[in-house]
file target-v5.cif (mmCIF, C-alpha atoms)
data_structure
#
loop_
_atom_site.label_atom_id
_atom_site.label_comp_id
_atom_site.auth_asym_id
_atom_site.auth_seq_id
_atom_site.Cartn_x
_atom_site.Cartn_y
_atom_site.Cartn_z
CA MET Q 1 18.84 -35.13 53.45
CA PHE Q 2 17.20 -34.31 56.78
CA ALA Q 3 19.50 -32.87 59.46
CA LYS Q 4 19.36 -36.26 61.14
CA PRO Q 5 18.46 -39.52 59.36
CA LEU Q 6 15.63 -41.52 60.84
CA PRO Q 7 16.27 -44.53 63.13
CA GLY Q 8 17.58 -47.59 61.35
CA TYR Q 9 19.15 -45.73 58.42
CA LYS Q 10 22.61 -47.33 58.75
CA LEU Q 11 21.11 -50.76 59.31
CA VAL Q 12 18.93 -50.46 56.22
CA ALA Q 13 21.85 -49.15 54.14
CA PHE Q 14 23.90 -52.17 55.21
CA ALA Q 15 21.01 -54.52 54.45
CA THR Q 16 20.70 -52.93 51.00
CA ALA Q 17 24.38 -53.66 50.35
CA ILE Q 18 23.80 -57.29 51.36
CA ALA Q 19 20.77 -57.40 49.03
CA CYS Q 20 23.06 -56.31 46.17
CA VAL Q 21 25.42 -59.19 47.00
CA VAL Q 22 22.49 -61.64 47.10
CA VAL Q 23 21.28 -60.54 43.65
CA VAL Q 24 24.76 -60.90 42.13
CA LEU Q 25 25.32 -64.27 43.80
CA GLY Q 26 21.93 -65.40 42.52
CA ALA Q 27 22.92 -64.47 38.98
CA PHE Q 28 26.27 -66.24 39.34
CA THR Q 29 24.59 -69.38 40.73
CA ARG Q 30 22.10 -69.45 37.88
CA LEU Q 31 24.70 -68.83 35.18
CA VAL Q 32 27.07 -71.60 36.35
CA ASP Q 33 24.09 -74.00 36.36
CA ALA Q 34 24.35 -74.43 40.13
CA GLY Q 35 20.65 -74.00 40.86
CA LEU Q 36 20.51 -77.71 41.66
CA GLY Q 37 24.00 -77.82 43.11
CA CYS Q 38 22.33 -79.05 46.29
CA PRO Q 39 19.43 -81.47 45.65
CA ASP Q 40 17.80 -80.74 49.01
CA TRP Q 41 16.77 -77.66 50.97
CA PRO Q 42 17.70 -75.84 53.22
CA GLY Q 43 20.83 -77.95 53.73
CA CYS Q 44 23.14 -79.38 51.12
CA TYR Q 45 23.15 -83.17 50.87
CA GLY Q 46 21.83 -83.23 54.41
CA GLN Q 47 24.63 -80.99 55.73
CA ILE Q 48 24.84 -77.39 56.89
CA LEU Q 49 27.93 -76.92 54.70
CA TRP Q 50 28.40 -78.49 51.30
CA PRO Q 51 30.32 -81.80 51.13
CA SER Q 52 34.01 -81.16 50.58
CA SER Q 53 36.08 -84.04 51.98
CA ALA Q 54 36.26 -87.41 50.24
CA GLU Q 55 34.31 -89.04 53.07
CA GLU Q 56 31.55 -86.41 52.96
CA ILE Q 57 31.25 -86.65 49.18
CA ALA Q 58 31.05 -90.46 49.29
CA ALA Q 59 28.34 -90.30 51.96
CA ALA Q 60 26.41 -87.67 50.00
CA ASP Q 61 26.61 -89.69 46.78
CA ALA Q 62 25.27 -92.74 48.63
CA LYS Q 63 22.41 -90.71 50.12
CA PHE Q 64 21.53 -88.97 46.83
CA PRO Q 65 22.50 -91.47 44.09
CA ASP Q 66 20.57 -89.52 41.43
CA ALA Q 67 22.44 -86.28 42.17
CA PRO Q 68 26.18 -86.94 42.57
CA VAL Q 69 28.13 -84.17 44.26
CA GLU Q 70 29.65 -81.47 42.07
CA GLU Q 71 31.51 -79.30 44.54
CA GLY Q 72 31.92 -76.52 41.97
CA LYS Q 73 28.12 -76.22 41.87
CA ALA Q 74 27.35 -76.96 45.51
CA TRP Q 75 29.34 -74.10 47.03
CA PRO Q 76 27.78 -71.27 44.93
CA GLU Q 77 24.30 -72.49 45.84
CA MET Q 78 25.08 -72.64 49.57
CA VAL Q 79 26.94 -69.31 49.69
CA HIS Q 80 23.91 -67.73 48.00
CA ARG Q 81 21.64 -69.29 50.64
CA TYR Q 82 23.84 -68.03 53.49
CA PHE Q 83 23.75 -64.46 52.26
CA ALA Q 84 20.00 -64.65 51.55
CA SER Q 85 19.39 -65.96 55.08
CA SER Q 86 21.52 -63.17 56.52
CA LEU Q 87 19.46 -60.64 54.59
CA GLY Q 88 16.30 -62.14 56.08
CA LEU Q 89 17.67 -61.70 59.60
CA LEU Q 90 18.64 -58.11 58.83
CA ILE Q 91 15.14 -57.34 57.57
CA ILE Q 92 13.68 -58.74 60.79
CA ALA Q 93 15.98 -56.35 62.66
CA VAL Q 94 14.81 -53.48 60.43
CA CYS Q 95 11.20 -54.28 61.33
CA VAL Q 96 12.02 -54.29 65.04
CA VAL Q 97 13.77 -50.91 64.80
CA ALA Q 98 10.86 -49.41 62.85
CA TRP Q 99 8.30 -50.75 65.34
CA ARG Q 100 10.24 -49.44 68.34
CA ALA Q 101 10.74 -46.04 66.68
CA ARG Q 102 6.99 -45.72 66.10
CA ALA Q 103 6.29 -46.75 69.69
CA GLU Q 104 8.78 -44.17 70.98
CA ALA Q 105 7.14 -41.50 68.82
CA LYS Q 106 3.81 -42.07 70.52
CA LEU Q 107 5.41 -41.45 73.91
CA ASN Q 108 7.52 -38.50 72.77
CA PRO Q 109 5.99 -36.31 70.04
CA ASP Q 110 9.25 -34.38 69.70
CA VAL Q 111 11.04 -37.41 68.28
CA GLN Q 112 11.32 -37.56 64.46
CA ALA Q 113 9.86 -41.07 64.31
CA PRO Q 114 6.36 -40.10 63.07
CA ARG Q 115 7.93 -40.10 59.61
CA GLN Q 116 9.37 -43.55 60.27
CA PRO Q 117 8.17 -45.92 57.52
CA ILE Q 118 6.42 -48.93 59.02
CA ILE Q 119 4.50 -50.53 56.15
CA LEU Q 120 7.51 -50.89 53.84
CA PRO Q 121 9.72 -52.78 56.37
CA PHE Q 122 6.97 -55.32 57.06
CA PHE Q 123 6.22 -55.61 53.35
CA LEU Q 124 9.92 -56.41 52.91
CA LEU Q 125 9.66 -59.05 55.61
CA GLY Q 126 6.81 -60.74 53.75
CA LEU Q 127 8.72 -60.43 50.50
CA VAL Q 128 11.86 -62.06 51.87
CA ILE Q 129 9.80 -64.92 53.33
CA LEU Q 130 8.28 -65.42 49.89
CA GLN Q 131 11.79 -65.35 48.44
CA GLY Q 132 12.80 -68.12 50.79
CA MET Q 133 9.89 -70.18 49.52
CA PHE Q 134 10.90 -69.47 45.92
CA GLY Q 135 14.42 -70.62 46.79
CA MET Q 136 13.00 -73.88 48.14
CA TRP Q 137 10.73 -74.36 45.11
CA THR Q 138 13.64 -73.71 42.76
CA VAL Q 139 15.21 -76.90 44.13
CA THR Q 140 12.12 -79.03 44.78
CA LEU Q 141 10.52 -78.17 41.41
CA LYS Q 142 13.85 -78.67 39.61
CA LEU Q 143 14.37 -75.22 38.08
CA TRP Q 144 10.81 -74.81 36.82
CA PRO Q 145 11.17 -71.62 34.71
CA GLN Q 146 8.19 -69.91 36.34
CA VAL Q 147 9.76 -70.30 39.78
CA VAL Q 148 13.28 -69.35 38.66
CA THR Q 149 11.97 -66.20 36.97
CA GLY Q 150 9.76 -65.39 39.97
CA HIS Q 151 12.78 -65.82 42.24
CA LEU Q 152 14.75 -63.33 40.13
CA LEU Q 153 11.90 -60.81 40.14
CA GLY Q 154 11.48 -61.24 43.88
CA GLY Q 155 15.17 -60.59 44.41
CA MET Q 156 15.03 -57.42 42.33
CA ALA Q 157 11.86 -56.33 44.15
CA THR Q 158 13.56 -56.88 47.52
CA LEU Q 159 16.59 -54.87 46.42
CA SER Q 160 14.40 -52.07 45.06
CA CYS Q 161 12.31 -51.83 48.23
CA MET Q 162 15.45 -51.86 50.40
CA TRP Q 163 16.86 -49.01 48.32
CA LEU Q 164 13.60 -47.09 48.51
CA LEU Q 165 13.54 -47.52 52.28
CA THR Q 166 17.12 -46.23 52.45
CA GLN Q 167 16.09 -43.15 50.47
CA ARG Q 168 13.14 -42.50 52.75
CA LEU Q 169 15.08 -42.93 56.00
CA ALA Q 170 17.85 -40.65 54.74
CA GLY Q 171 15.29 -38.03 53.76
CA TYR Q 172 16.59 -37.53 50.24
CA SER Q 173 14.38 -35.23 48.16
CA TRP Q 174 14.50 -32.50 45.55
CA ARG Q 175 13.51 -28.90 46.18
CA PHE Q 176 13.06 -26.50 43.28
CA SER Q 177 11.59 -23.15 42.31
CA PRO Q 178 7.88 -23.21 41.36
CA LYS Q 179 8.71 -23.31 37.62
CA SER Q 180 11.13 -26.23 37.90
CA TYR Q 181 8.82 -27.91 40.40
CA ASP Q 182 6.03 -27.99 37.83
CA SER Q 183 8.40 -29.43 35.21
CA VAL Q 184 9.55 -32.19 37.58
CA VAL Q 185 5.98 -33.06 38.57
CA GLY Q 186 5.25 -33.41 34.88
CA LEU Q 187 7.89 -36.15 34.71
CA ARG Q 188 6.01 -38.50 37.01
CA ARG Q 189 4.16 -40.49 34.37
CA VAL Q 190 7.22 -40.78 32.13
CA ALA Q 191 9.48 -41.85 35.00
CA PHE Q 192 6.98 -44.43 36.23
CA ALA Q 193 6.44 -45.79 32.71
CA ALA Q 194 10.21 -46.17 32.29
CA LEU Q 195 10.36 -48.01 35.60
CA LEU Q 196 7.63 -50.42 34.48
CA LEU Q 197 9.42 -51.02 31.18
CA VAL Q 198 12.65 -51.89 33.01
CA VAL Q 199 10.75 -54.27 35.30
CA GLY Q 200 9.26 -55.90 32.20
CA GLN Q 201 12.71 -56.18 30.63
CA ILE Q 202 14.08 -57.79 33.79
CA PHE Q 203 11.25 -60.32 33.57
CA LEU Q 204 12.19 -61.03 29.95
CA GLY Q 205 15.83 -61.39 30.96
CA GLY Q 206 14.88 -63.84 33.71
CA TRP Q 207 12.64 -65.79 31.34
CA THR Q 208 15.46 -65.87 28.79
CA SER Q 209 17.91 -67.18 31.37
CA SER Q 210 15.58 -69.72 32.99
CA ASN Q 211 14.72 -71.18 29.56
CA TYR Q 212 18.37 -71.14 28.40
CA ALA Q 213 17.56 -68.89 25.45
CA ALA Q 214 20.46 -66.44 25.79
CA LEU Q 215 22.32 -68.04 22.85
CA ALA Q 216 19.29 -68.56 20.61
CA CYS Q 217 20.55 -65.73 18.36
CA LEU Q 218 24.28 -65.40 17.85
CA ASP Q 219 24.36 -62.54 15.35
CA LEU Q 220 23.67 -58.79 15.47
CA PRO Q 221 21.66 -56.80 14.60
CA THR Q 222 19.74 -59.62 12.95
CA CYS Q 223 18.73 -62.89 14.60
CA GLN Q 224 19.79 -66.03 12.74
CA GLY Q 225 20.40 -63.84 9.71
CA GLN Q 226 16.86 -62.45 9.68
CA TRP Q 227 15.22 -59.30 10.98
CA LEU Q 228 12.14 -61.36 11.85
CA PRO Q 229 13.36 -64.89 12.60
CA THR Q 230 11.16 -67.96 12.68
CA ALA Q 231 9.89 -68.06 16.24
CA ASP Q 232 7.30 -69.95 18.27
CA PHE Q 233 5.88 -67.36 20.67
CA GLU Q 234 3.08 -69.64 21.83
CA GLN Q 235 5.50 -72.20 23.23
CA GLY Q 236 8.14 -69.65 24.19
CA PHE Q 237 5.69 -67.91 26.49
CA ASN Q 238 3.69 -70.93 27.56
CA PHE Q 239 3.42 -70.27 31.30
CA ALA Q 240 1.46 -73.50 31.77
CA GLN Q 241 4.56 -75.67 31.46
CA HIS Q 242 3.91 -78.71 33.62
CA VAL Q 243 5.80 -79.36 36.83
CA GLY Q 244 7.81 -82.56 37.00
CA PRO Q 245 10.77 -82.76 34.63
CA ASN Q 246 14.22 -81.44 35.42
CA TYR Q 247 14.49 -78.13 33.56
CA LEU Q 248 18.29 -77.91 33.83
CA GLY Q 249 19.47 -77.01 30.33
CA GLY Q 250 15.93 -76.15 29.22
CA LEU Q 251 13.29 -78.21 27.43
CA LEU Q 252 12.08 -75.80 24.72
CA ASP Q 253 12.93 -76.24 21.06
CA ASN Q 254 15.00 -73.67 19.18
CA GLU Q 255 12.06 -71.75 17.71
CA ALA Q 256 10.55 -71.23 21.16
CA ARG Q 257 13.89 -70.06 22.55
CA THR Q 258 14.28 -67.74 19.57
CA ALA Q 259 10.91 -66.15 20.44
CA ILE Q 260 12.08 -65.47 23.98
CA HIS Q 261 15.46 -64.10 22.94
CA PHE Q 262 13.96 -61.91 20.21
CA SER Q 263 11.40 -60.52 22.67
CA HIS Q 264 14.22 -59.61 25.05
CA ARG Q 265 15.95 -57.71 22.25
CA VAL Q 266 12.76 -55.82 21.39
CA GLY Q 267 12.35 -55.03 25.08
CA ALA Q 268 15.88 -53.64 25.20
CA LEU Q 269 15.06 -51.35 22.28
CA LEU Q 270 11.90 -50.08 23.99
CA VAL Q 271 13.75 -49.46 27.25
CA THR Q 272 16.49 -47.58 25.39
CA LEU Q 273 14.00 -45.32 23.64
CA ALA Q 274 12.09 -44.68 26.88
CA ILE Q 275 15.21 -43.74 28.83
CA PHE Q 276 16.46 -41.49 26.03
CA PHE Q 277 13.11 -39.68 26.11
CA LEU Q 278 13.18 -39.51 29.92
CA ALA Q 279 16.75 -38.17 29.88
CA TRP Q 280 15.75 -35.51 27.35
CA ARG Q 281 12.90 -34.44 29.63
CA LEU Q 282 15.29 -34.29 32.59
CA PHE Q 283 17.76 -32.16 30.63
CA SER Q 284 14.88 -29.87 29.66
CA VAL Q 285 14.19 -29.01 33.31
CA GLY Q 286 17.48 -27.09 33.32
CA GLU Q 287 18.47 -27.91 36.91
CA SER Q 288 21.83 -29.39 37.87
CA LYS Q 289 20.19 -32.20 39.84
CA THR Q 290 17.98 -33.32 36.98
CA THR Q 291 20.87 -33.00 34.52
CA ARG Q 292 23.05 -35.15 36.75
CA MET Q 293 20.30 -37.78 37.00
CA ALA Q 294 19.93 -37.81 33.20
CA ILE Q 295 23.67 -38.35 32.73
CA ILE Q 296 23.66 -41.21 35.26
CA LEU Q 297 20.72 -42.89 33.54
CA LEU Q 298 22.33 -42.62 30.12
CA GLY Q 299 25.66 -43.90 31.43
CA VAL Q 300 24.14 -46.95 33.12
CA LEU Q 301 21.99 -47.64 30.06
CA ALA Q 302 25.02 -47.45 27.75
CA LEU Q 303 26.93 -49.89 29.97
CA GLN Q 304 23.98 -52.29 30.04
CA VAL Q 305 23.55 -52.22 26.26
CA ALA Q 306 27.29 -52.79 25.79
CA LEU Q 307 27.18 -55.79 28.14
CA GLY Q 308 24.15 -57.20 26.32
CA ILE Q 309 25.91 -56.92 22.96
CA SER Q 310 29.06 -58.45 24.45
CA ASN Q 311 27.05 -61.45 25.67
CA ILE Q 312 26.03 -62.16 22.07
CA VAL Q 313 29.36 -61.40 20.40
CA TRP Q 314 31.40 -63.49 22.86
CA ALA Q 315 28.75 -66.20 23.46
CA LEU Q 316 27.81 -65.42 27.05
CA PRO Q 317 31.12 -65.23 28.94
CA LEU Q 318 30.45 -65.68 32.66
CA PRO Q 319 31.89 -62.35 33.95
CA VAL Q 320 29.97 -60.37 31.31
CA ALA Q 321 26.74 -62.28 31.93
CA VAL Q 322 26.95 -61.70 35.69
CA ALA Q 323 27.76 -58.03 35.11
CA HIS Q 324 24.74 -57.77 32.78
CA ASN Q 325 22.49 -58.94 35.62
CA ALA Q 326 24.16 -56.60 38.12
CA VAL Q 327 23.93 -53.52 35.88
CA GLY Q 328 20.31 -54.37 35.12
CA GLY Q 329 19.69 -54.13 38.85
CA LEU Q 330 21.62 -50.86 38.96
CA LEU Q 331 19.45 -49.40 36.19
CA LEU Q 332 16.38 -50.43 38.17
CA LEU Q 333 17.72 -48.68 41.30
CA CYS Q 334 18.42 -45.51 39.29
CA LEU Q 335 14.79 -45.43 38.21
CA VAL Q 336 13.59 -46.16 41.74
CA SER Q 337 15.66 -43.17 42.89
CA LEU Q 338 14.28 -40.95 40.15
CA ASN Q 339 10.68 -41.94 40.88
CA HIS Q 340 11.24 -41.28 44.57
CA ARG Q 341 12.60 -37.81 43.72
CA VAL Q 342 9.83 -36.81 41.32
CA PHE Q 343 7.04 -38.07 43.60
CA THR Q 344 8.46 -36.31 46.69
CA VAL Q 345 9.71 -33.10 45.06
CA GLN Q 346 9.09 -29.91 47.04
CA LYS Q 347 8.92 -26.22 46.21
#

call {"tool": "encode", "arguments": {"input": "target-v5.cif", "output": "structure tokens"}}
result
Amino acid sequence: MFAKPLPGYKLVAFATAIACVVVVLGAFTRLVDAGLGCPDWPGCYGQILWPSSAEEIAAADAKFPDAPVEEGKAWPEMVHRYFASSLGLLIIAVCVVAWRARAEAKLNPDVQAPRQPIILPFFLLGLVILQGMFGMWTVTLKLWPQVVTGHLLGGMATLSCMWLLTQRLAGYSWRFSPKSYDSVVGLRRVAFAALLLVVGQIFLGGWTSSNYAALACLDLPTCQGQWLPTADFEQGFNFAQHVGPNYLGGLLDNEARTAIHFSHRVGALLVTLAIFFLAWRLFSVGESKTTRMAIILLGVLALQVALGISNIVWALPLPVAVAHNAVGGLLLLCLVSLNHRVFTVQK
């Protein structure tokens, strides 16, 4: 870390923590089928808070006769919206701090602010605005899988960029001898490839969830008693699904859901192999920092695989399913950290 973190470090660290909460709340909301807990947006049955009293519920039911109030689904949706809105306000504040720090640097060259990231905060601002739109479309397009999956990916992208910004403001970096430096530089392609594979696996996880395919295979290591189950990949990955119907509960047949679930399993295997190879390369560097990073990666991977298996064995229990989403995000952040280290390593 630099002797003194750059302006906005604590604010960004706090915003990153809120982003973690938003991602977990989003997973919880999706898994309890509360994505349409409020049939309108940005309010809930025309209210700032969800209907809770008998009078409010009666009025809401009269106003939205096709979507009777289910308080157990309304409150998760609104709590998720509150935290997401708070994150948006925090990112606006981050942009203001970054802009002012850059302006101050122009007036005072001795200030550290020339290193102050400016593009990333404003990219985050655009990303969180897009996320707000995805949140609206999730409701107005009635859980269209493309939007739900895009919303998940956008949330993970926001979290990743917040974490990367935290790393940059704190000044975290690796410094090694020339020999170790060359070894770490040689990890760049492998680390980036592993990151892309995890992003792809998160997409598959989101597509599995948004199409309600998590329970398409209830046995291990086979799927429906077969190593290669009957699956309809054309329909399972038909991204031209038309807008209009309510996708709550999913509309695909079992063979299409099997294709999605099976693809997610194959993706998990590829990610596991890639991270094992990456960890071996990190161990080979022979430095304590790279060894520690390898151990962390393997530990998070092992936890994620265990949670994935538990979801199948115990038929998707809510705490395990939420944890699976959370640890998937944690694995992504570990790889963001590693990529930041290997691309900024110094001699």

call {"tool": "atom_distance", "arguments": {"input": "target-v5.cif", "atom1": "atom CA of Q:Pro229", "atom2": "atom CA of Q:Ala259"}}
result
8.3 Å

call {"tool": "resolve_selection", "arguments": {"input": "target-v5.cif", "expression": "the PyMOL selection byres ((chain Q and resi 99) around 10)", "output": "number ranges by chain"}}
result
Q: 93-98, 100-105, 113, 116-119, 121-122

call {"tool": "closest_residue", "arguments": {"input": "target-v5.cif", "among": "Q:Met293, Q:Leu36, Q:Ile202, Q:Leu196", "to": "Q:Trp137", "atoms": "all atoms listed in the file"}}
result
Q:Leu36

call {"tool": "closest_residue", "arguments": {"input": "target-v5.cif", "among": "Q:Ala193, Q:Leu120, Q:Leu215, Q:Ala294", "to": "Q:Leu316", "atoms": "all atoms listed in the file"}}
result
Q:Leu215

call {"tool": "residues_around", "arguments": {"input": "target-v5.cif", "residues": "Q:Gln201", "least_positions_apart": "2", "cutoff": "8 Å", "atoms": "all atoms listed in the file", "output": "PyMOL selection string"}}
result
chain Q and resi 197-199+203-205+264+267-268+271

call {"tool": "residues_around", "arguments": {"input": "target-v5.cif", "residues": "Q:Val148", "least_positions_apart": "6", "cutoff": "8 Å", "atoms": "all atoms listed in the file", "output": "VMD selection string"}}
result
chain Q and resid 134 138 206 210

call {"tool": "closest_residue", "arguments": {"input": "target-v5.cif", "among": "Q:Val79, Q:Ala157, Q:Val69, Q:Val320", "to": "Q:Leu332", "atoms": "all atoms listed in the file"}}
result
Q:Ala157

call {"tool": "resolve_selection", "arguments": {"input": "target-v5.cif", "expression": "the PyMOL selection byres ((chain Q and resi 50-54) around 8)", "output": "ChimeraX atom specification"}}
result
/Q:38,43-45,47-49,55-58,60,69,71,74-75,78

call {"tool": "atom_distance", "arguments": {"input": "target-v5.cif", "atom1": "atom CA of Q:Thr258", "atom2": "atom CA of Q:Cys223"}}
result
8.2 Å

call {"tool": "residues_around", "arguments": {"input": "target-v5.cif", "residues": "Q:Gln146", "least_positions_apart": "5", "cutoff": "12 Å", "atoms": "only C-alpha atoms", "output": "list in words"}}
result
Phe134, Trp137, Thr138, Leu141, His151, Leu152, Leu153, Gly154, Phe203, Leu204, Gly206, Trp207, Thr208, Ser209, Ser210, Asn211, Phe237, Asn238, Phe239, Ala240, Gln241, His242, Val243 and Tyr247 of chain Q

call {"tool": "closest_residue", "arguments": {"input": "target-v5.cif", "among": "Q:Leu282, Q:Glu77, Q:His324, Q:Val22", "to": "Q:Ser183", "atoms": "only C-alpha atoms"}}
result
Q:Leu282

call {"tool": "residues_around", "arguments": {"input": "target-v5.cif", "residues": "stretch 158-164 of chain Q", "least_positions_apart": "6", "cutoff": "10 Å", "atoms": "only C-alpha atoms", "output": "PyMOL selection string"}}
result
chain Q and resi 12-23+87+91+120-121+123-128+131+152+170+329-330+332-337+339-340

call {"tool": "write_last_selection", "arguments": {"input": "target-v5.cif", "atoms": "C-alpha atoms", "output": "CSV table (one decimal), in the frame of the given file"}}
result
chain,number,residue,atom,x,y,z
Q,12,VAL,CA,18.9,-50.5,56.2
Q,13,ALA,CA,21.8,-49.2,54.1
Q,14,PHE,CA,23.9,-52.2,55.2
Q,15,ALA,CA,21.0,-54.5,54.4
Q,16,THR,CA,20.7,-52.9,51.0
Q,17,ALA,CA,24.4,-53.7,50.4
Q,18,ILE,CA,23.8,-57.3,51.4
Q,19,ALA,CA,20.8,-57.4,49.0
Q,20,CYS,CA,23.1,-56.3,46.2
Q,21,VAL,CA,25.4,-59.2,47.0
Q,22,VAL,CA,22.5,-61.6,47.1
Q,23,VAL,CA,21.3,-60.5,43.6
Q,87,LEU,CA,19.5,-60.6,54.6
Q,91,ILE,CA,15.1,-57.3,57.6
Q,120,LEU,CA,7.5,-50.9,53.8
Q,121,PRO,CA,9.7,-52.8,56.4
Q,123,PHE,CA,6.2,-55.6,53.4
Q,124,LEU,CA,9.9,-56.4,52.9
Q,125,LEU,CA,9.7,-59.0,55.6
Q,126,GLY,CA,6.8,-60.7,53.8
Q,127,LEU,CA,8.7,-60.4,50.5
Q,128,VAL,CA,11.9,-62.1,51.9
Q,131,GLN,CA,11.8,-65.4,48.4
Q,152,LEU,CA,14.8,-63.3,40.1
Q,170,ALA,CA,17.8,-40.6,54.7
Q,329,GLY,CA,19.7,-54.1,38.8
Q,330,LEU,CA,21.6,-50.9,39.0
Q,332,LEU,CA,16.4,-50.4,38.2
Q,333,LEU,CA,17.7,-48.7,41.3
Q,334,CYS,CA,18.4,-45.5,39.3
Q,335,LEU,CA,14.8,-45.4,38.2
Q,336,VAL,CA,13.6,-46.2,41.7
Q,337,SER,CA,15.7,-43.2,42.9
Q,339,ASN,CA,10.7,-41.9,40.9
Q,340,HIS,CA,11.2,-41.3,44.6

call {"tool": "closest_residue", "arguments": {"input": "target-v5.cif", "among": "Q:Pro42, Q:Gly88, Q:Gly155, Q:Gly250", "to": "Q:Thr140", "atoms": "all atoms listed in the file"}}
result
Q:Pro42

call {"tool": "atom_distance", "arguments": {"input": "target-v5.cif", "atom1": "atom CA of Q:Val285", "atom2": "atom CA of Q:Val342"}}
result
12.0 Å

call {"tool": "build_atoms", "arguments": {"input": "target-v5.cif", "residues": "stretch 70-83 of chain Q", "atoms": "N, CA and C atoms", "output": "PDB file, keeping the file's coordinate frame"}}
result
ATOM      1  N   GLU Q  70      28.748 -82.291  42.881  1.00  0.00           N
ATOM      2  CA  GLU Q  70      29.650 -81.470  42.070  1.00  0.00           C
ATOM      3  C   GLU Q  70      29.995 -80.265  42.926  1.00  0.00           C
ATOM      4  N   GLU Q  71      31.164 -80.331  43.563  1.00  0.00           N
ATOM      5  CA  GLU Q  71      31.510 -79.300  44.540  1.00  0.00           C
ATOM      6  C   GLU Q  71      31.513 -77.906  43.919  1.00  0.00           C
ATOM      7  N   GLY Q  72      31.895 -77.819  42.642  1.00  0.00           N
ATOM      8  CA  GLY Q  72      31.920 -76.520  41.970  1.00  0.00           C
ATOM      9  C   GLY Q  72      30.538 -75.919  41.797  1.00  0.00           C
ATOM     10  N   LYS Q  73      29.487 -76.729  41.936  1.00  0.00           N
ATOM     11  CA  LYS Q  73      28.120 -76.220  41.870  1.00  0.00           C
ATOM     12  C   LYS Q  73      27.467 -76.152  43.248  1.00  0.00           C
ATOM     13  N   ALA Q  74      27.959 -76.955  44.180  1.00  0.00           N
ATOM     14  CA  ALA Q  74      27.350 -76.960  45.510  1.00  0.00           C
ATOM     15  C   ALA Q  74      27.698 -75.692  46.288  1.00  0.00           C
ATOM     16  N   TRP Q  75      28.957 -75.254  46.204  1.00  0.00           N
ATOM     17  CA  TRP Q  75      29.340 -74.100  47.030  1.00  0.00           C
ATOM     18  C   TRP Q  75      28.666 -72.797  46.585  1.00  0.00           C
ATOM     19  N   PRO Q  76      28.492 -72.511  45.269  1.00  0.00           N
ATOM     20  CA  PRO Q  76      27.780 -71.270  44.930  1.00  0.00           C
ATOM     21  C   PRO Q  76      26.354 -71.254  45.459  1.00  0.00           C
ATOM     22  N   GLU Q  77      25.683 -72.413  45.368  1.00  0.00           N
ATOM     23  CA  GLU Q  77      24.300 -72.490  45.840  1.00  0.00           C
ATOM     24  C   GLU Q  77      24.221 -72.215  47.341  1.00  0.00           C
ATOM     25  N   MET Q  78      25.140 -72.813  48.110  1.00  0.00           N
ATOM     26  CA  MET Q  78      25.080 -72.640  49.570  1.00  0.00           C
ATOM     27  C   MET Q  78      25.516 -71.243  49.994  1.00  0.00           C
ATOM     28  N   VAL Q  79      26.522 -70.677  49.352  1.00  0.00           N
ATOM     29  CA  VAL Q  79      26.940 -69.310  49.690  1.00  0.00           C
ATOM     30  C   VAL Q  79      25.790 -68.346  49.419  1.00  0.00           C
ATOM     31  N   HIS Q  80      25.087 -68.563  48.304  1.00  0.00           N
ATOM     32  CA  HIS Q  80      23.910 -67.730  48.000  1.00  0.00           C
ATOM     33  C   HIS Q  80      22.863 -67.873  49.106  1.00  0.00           C
ATOM     34  N   ARG Q  81      22.625 -69.080  49.569  1.00  0.00           N
ATOM     35  CA  ARG Q  81      21.640 -69.290  50.640  1.00  0.00           C
ATOM     36  C   ARG Q  81      22.075 -68.610  51.938  1.00  0.00           C
ATOM     37  N   TYR Q  82      23.361 -68.668  52.252  1.00  0.00           N
ATOM     38  CA  TYR Q  82      23.840 -68.030  53.490  1.00  0.00           C
ATOM     39  C   TYR Q  82      23.598 -66.531  53.463  1.00  0.00           C
ATOM     40  N   PHE Q  83      23.941 -65.912  52.355  1.00  0.00           N
ATOM     41  CA  PHE Q  83      23.750 -64.460  52.260  1.00  0.00           C
ATOM     42  C   PHE Q  83      22.263 -64.107  52.258  1.00  0.00           C
TER      43      PHE Q  83
END
